[in-house]
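In what follows, a structure is listed as structure tokens, so that the remarks can point back to it.
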Amino acid sequence: MPTLIFATNNQHKVDEIQSLVGADFKIIPLKEAGFDIDIPEPHDTLQENAAEKANTIFKITQQNCFSEDTGMEVEALQGAPGVKSARYAGEGRDFQANIDKVLQNLGAQINRTAQFRTVICLIWGDAVEGYKTYYFEGICKGRIASEMQGEKGFGYDPIFIPDGADKSFAQMSMDEKNKYSHRQKAVTQLFEFLRSK
Ligand code: IMP
């Protein structure tokens, strides 16, 4: 089975992606690959942060790898928290504090339109032909709920209701979330590409 290092420490992301890929590829998160590092996300775009993470791991391993960076973009907050989604309420990267800040900043705002956007950066190739960098993007449009709903998932899942659904991501099983999710859309393109290789 082909293996691919996934430059993340977020087990939720690993589980979601592995459930989409099935048995075709083995996804190896950083810890399992033997790296106990937290790669910084210092840039102003999801693409640059995704590239930073993939490039860091590629330099160390010289192996095929990918990373992803995701942000939740709220229209009435001019796209915030966006690329700063993980640290919206501070360096603690606290899911609850981040949700509280979004709900507080939105207040009674009627426009609750929002979207999740995932950018995947893949470094793929071999030592003979060389390695190239590829990007894949997935967007899930939806809206911000007036209060938290559900306990599954992670991050902003309890306040995000995808278009076409009447409940939040946190009220869905992983398979149900995968039907709508930004990550699923980006990952589907990634693995279509890899299967074509
Ligand atoms: P990052 O891609 O790890 O930088 O993720 C940024 C932040 O966005 C995370 O800390 C989560 O709070 C949030 N996030 C990323 N993906 C999801 C998702 O699928 N659902 C809910 N929140 C997410």
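Letters A, B, ... go to the chains of the structure tokens in the order shown; residues in each chain start at 1; ligands are counted from 1 in the same order.
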*Could you pull out the residues sitting within 8 Å of ligand 1, using only C-alpha atoms and all ligand atoms, and write them as a PyMOL selection string?*
chain A and resi 8+10+13+41+46+68-72+83-87+93-95+98+116+118+153-158+160+169+181-183
*helix (DSSP H, G or I) per DSSP on the backbone: members of region 71-179 of chain A, as a PyMOL selection string*: chain A and resi 75-77+85-87+95-106+157-159+169-171+174-179
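Counting only C-alpha atoms and comparing A:Tyr88, A:Phe193, A:Phe66, A:Tyr180, the residue that lies closest to Ile139 (chain A) is A:Tyr180.
For region 46-119 of chain A, backbone-based DSSP labels the following residues as strand (DSSP E): Cys65, Phe66, Ser67, Glu68, Asp69, Thr70, Gly71, Met72, Glu73, Val74, Pro81, Gly82, Thr113, Ala114, Gln115, Phe116, Arg117, Thr118 and Val119 of chain A.
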I need the chosen residues saved as a PDB file, in the first residue's frame, with N, CA and C atoms.
```
ATOM      1  N   CYS A  65       4.929  13.723   0.746  1.00  0.00           N
ATOM      2  CA  CYS A  65       4.180  14.151   1.928  1.00  0.00           C
ATOM      3  C   CYS A  65       3.163  15.207   1.527  1.00  0.00           C
ATOM      4  N   PHE A  66       2.201  15.442   2.403  1.00  0.00           N
ATOM      5  CA  PHE A  66       1.264  16.529   2.164  1.00  0.00           C
ATOM      6  C   PHE A  66       0.890  17.170   3.488  1.00  0.00           C
ATOM      7  N   SER A  67       0.334  18.374   3.369  1.00  0.00           N
ATOM      8  CA  SER A  67      -0.152  19.072   4.552  1.00  0.00           C
ATOM      9  C   SER A  67      -1.447  19.755   4.157  1.00  0.00           C
ATOM     10  N   GLU A  68      -2.177  20.217   5.126  1.00  0.00           N
ATOM     11  CA  GLU A  68      -3.352  21.031   4.801  1.00  0.00           C
ATOM     12  C   GLU A  68      -3.477  22.156   5.799  1.00  0.00           C
ATOM     13  N   ASP A  69      -4.029  23.276   5.339  1.00  0.00           N
ATOM     14  CA  ASP A  69      -4.343  24.372   6.237  1.00  0.00           C
ATOM     15  C   ASP A  69      -5.789  24.767   5.963  1.00  0.00           C
ATOM     16  N   THR A  70      -6.532  24.966   7.038  1.00  0.00           N
ATOM     17  CA  THR A  70      -7.962  25.234   6.913  1.00  0.00           C
ATOM     18  C   THR A  70      -8.320  26.499   7.672  1.00  0.00           C
ATOM     19  N   GLY A  71      -9.249  27.260   7.128  1.00  0.00           N
ATOM     20  CA  GLY A  71      -9.750  28.429   7.840  1.00  0.00           C
ATOM     21  C   GLY A  71     -11.246  28.533   7.682  1.00  0.00           C
ATOM     22  N   MET A  72     -11.887  29.112   8.693  1.00  0.00           N
ATOM     23  CA  MET A  72     -13.317  29.406   8.580  1.00  0.00           C
ATOM     24  C   MET A  72     -13.458  30.902   8.307  1.00  0.00           C
ATOM     25  N   GLU A  73     -14.124  31.234   7.207  1.00  0.00           N
ATOM     26  CA  GLU A  73     -14.219  32.631   6.757  1.00  0.00           C
ATOM     27  C   GLU A  73     -15.658  33.116   6.913  1.00  0.00           C
ATOM     28  N   VAL A  74     -15.843  34.097   7.784  1.00  0.00           N
ATOM     29  CA  VAL A  74     -17.195  34.602   8.077  1.00  0.00           C
ATOM     30  C   VAL A  74     -17.389  35.940   7.360  1.00  0.00           C
ATOM     31  N   PRO A  81     -12.436  34.325  11.135  1.00  0.00           N
ATOM     32  CA  PRO A  81     -11.042  34.222  11.577  1.00  0.00           C
ATOM     33  C   PRO A  81     -10.071  33.786  10.480  1.00  0.00           C
ATOM     34  N   GLY A  82     -10.567  33.193   9.387  1.00  0.00           N
ATOM     35  CA  GLY A  82      -9.729  32.896   8.221  1.00  0.00           C
ATOM     36  C   GLY A  82      -8.456  32.152   8.556  1.00  0.00           C
ATOM     37  N   THR A 113     -23.549  34.194   6.934  1.00  0.00           N
ATOM     38  CA  THR A 113     -22.893  33.416   5.878  1.00  0.00           C
ATOM     39  C   THR A 113     -21.413  33.179   6.205  1.00  0.00           C
ATOM     40  N   ALA A 114     -20.983  31.942   5.989  1.00  0.00           N
ATOM     41  CA  ALA A 114     -19.584  31.607   6.282  1.00  0.00           C
ATOM     42  C   ALA A 114     -19.161  30.453   5.381  1.00  0.00           C
ATOM     43  N   GLN A 115     -17.879  30.220   5.321  1.00  0.00           N
ATOM     44  CA  GLN A 115     -17.408  29.034   4.605  1.00  0.00           C
ATOM     45  C   GLN A 115     -16.134  28.517   5.249  1.00  0.00           C
ATOM     46  N   PHE A 116     -15.930  27.208   5.106  1.00  0.00           N
ATOM     47  CA  PHE A 116     -14.637  26.605   5.442  1.00  0.00           C
ATOM     48  C   PHE A 116     -13.863  26.452   4.145  1.00  0.00           C
ATOM     49  N   ARG A 117     -12.575  26.743   4.214  1.00  0.00           N
ATOM     50  CA  ARG A 117     -11.727  26.552   3.033  1.00  0.00           C
ATOM     51  C   ARG A 117     -10.485  25.770   3.455  1.00  0.00           C
ATOM     52  N   THR A 118     -10.214  24.696   2.726  1.00  0.00           N
ATOM     53  CA  THR A 118      -9.030  23.876   2.978  1.00  0.00           C
ATOM     54  C   THR A 118      -8.100  23.950   1.776  1.00  0.00           C
ATOM     55  N   VAL A 119      -6.824  24.182   2.035  1.00  0.00           N
ATOM     56  CA  VAL A 119      -5.817  24.095   0.971  1.00  0.00           C
ATOM     57  C   VAL A 119      -4.842  22.980   1.339  1.00  0.00           C
TER      58      VAL A 119
END
```
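The shortest atom-to-atom distance to Phe35 (chain A), with only C-alpha atoms taken into account, belongs to A:Ala7 out of A:Ala7, A:Leu190, A:Ala51, A:Leu122.
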*Can you tell me, as a ChimeraX atom specification, what residues are no more than 10 Å from Lys132 (chain A) when counting only C-alpha atoms, ignoring any on the same chain fewer than 4 positions away?*
/A:64,122-126
Include all heavy atoms and write out the residues we just selected as a JSON list (two decimals), in the first residue's frame.
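Heads up, here's the output in again_33.json:
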```json
[["chain", "number", "residue", "atom", "x", "y", "z"],
["A", 64, "ASN", "N", 7.57, 11.59, -0.10],
["A", 64, "ASN", "CA", 6.28, 12.15, -0.48],
["A", 64, "ASN", "C", 5.49, 12.52, 0.77],
["A", 64, "ASN", "O", 5.39, 11.73, 1.71],
["A", 64, "ASN", "CB", 5.48, 11.12, -1.28],
["A", 64, "ASN", "CG", 6.09, 10.87, -2.64],
["A", 64, "ASN", "OD1", 6.56, 11.80, -3.28],
["A", 64, "ASN", "ND2", 6.09, 9.62, -3.07],
["A", 122, "LEU", "N", 0.77, 19.24, -1.66],
["A", 122, "LEU", "CA", 1.36, 17.91, -1.84],
["A", 122, "LEU", "C", 2.75, 18.05, -2.45],
["A", 122, "LEU", "O", 2.93, 18.79, -3.43],
["A", 122, "LEU", "CB", 0.49, 17.09, -2.80],
["A", 122, "LEU", "CG", 1.08, 15.77, -3.33],
["A", 122, "LEU", "CD1", 1.12, 14.70, -2.22],
["A", 122, "LEU", "CD2", 0.29, 15.26, -4.53],
["A", 123, "ILE", "N", 3.71, 17.36, -1.88],
["A", 123, "ILE", "CA", 5.03, 17.26, -2.53],
["A", 123, "ILE", "C", 5.18, 15.81, -2.96],
["A", 123, "ILE", "O", 5.14, 14.90, -2.12],
["A", 123, "ILE", "CB", 6.16, 17.70, -1.58],
["A", 123, "ILE", "CG1", 5.94, 19.16, -1.17],
["A", 123, "ILE", "CG2", 7.53, 17.53, -2.27],
["A", 123, "ILE", "CD1", 6.98, 19.72, -0.23],
["A", 124, "TRP", "N", 5.28, 15.62, -4.26],
["A", 124, "TRP", "CA", 5.15, 14.26, -4.80],
["A", 124, "TRP", "C", 6.18, 14.03, -5.91],
["A", 124, "TRP", "O", 6.42, 14.91, -6.73],
["A", 124, "TRP", "CB", 3.75, 14.07, -5.39],
["A", 124, "TRP", "CG", 3.50, 12.70, -5.97],
["A", 124, "TRP", "CD1", 3.54, 12.37, -7.28],
["A", 124, "TRP", "CD2", 3.20, 11.51, -5.25],
["A", 124, "TRP", "NE1", 3.27, 11.04, -7.44],
["A", 124, "TRP", "CE2", 3.05, 10.49, -6.20],
["A", 124, "TRP", "CE3", 3.04, 11.21, -3.89],
["A", 124, "TRP", "CZ2", 2.75, 9.18, -5.85],
["A", 124, "TRP", "CZ3", 2.73, 9.91, -3.54],
["A", 124, "TRP", "CH2", 2.58, 8.92, -4.51],
["A", 125, "GLY", "N", 6.75, 12.86, -5.95],
["A", 125, "GLY", "CA", 7.68, 12.51, -7.02],
["A", 125, "GLY", "C", 8.58, 11.38, -6.57],
["A", 125, "GLY", "O", 8.20, 10.57, -5.72],
["A", 126, "ASP", "N", 9.78, 11.35, -7.15],
["A", 126, "ASP", "CA", 10.77, 10.36, -6.70],
["A", 126, "ASP", "C", 12.16, 10.92, -6.94],
["A", 126, "ASP", "O", 12.33, 11.94, -7.62],
["A", 126, "ASP", "CB", 10.57, 9.00, -7.38],
["A", 126, "ASP", "CG", 10.65, 9.11, -8.89],
["A", 126, "ASP", "OD1", 11.68, 9.62, -9.39],
["A", 126, "ASP", "OD2", 9.69, 8.71, -9.57]]
```
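Residues in contact with Gln109 (chain A) at up to 12 Å, not including ones fewer than 5 positions away on its chain and judged by only C-alpha atoms, are Val74, Glu75, Ala76, Leu77, Val102, Leu103, Gln104, Arg143, Ile144, Ala145 and Ser146 of chain A.
Reported to one decimal place, the separation of CA of Met172 (chain A) from CA of Gly107 (chain A) is 25.2 Å.
You will find CA of Gln62 (chain A) at 23.5 Å from CA of Ala186 (chain A).
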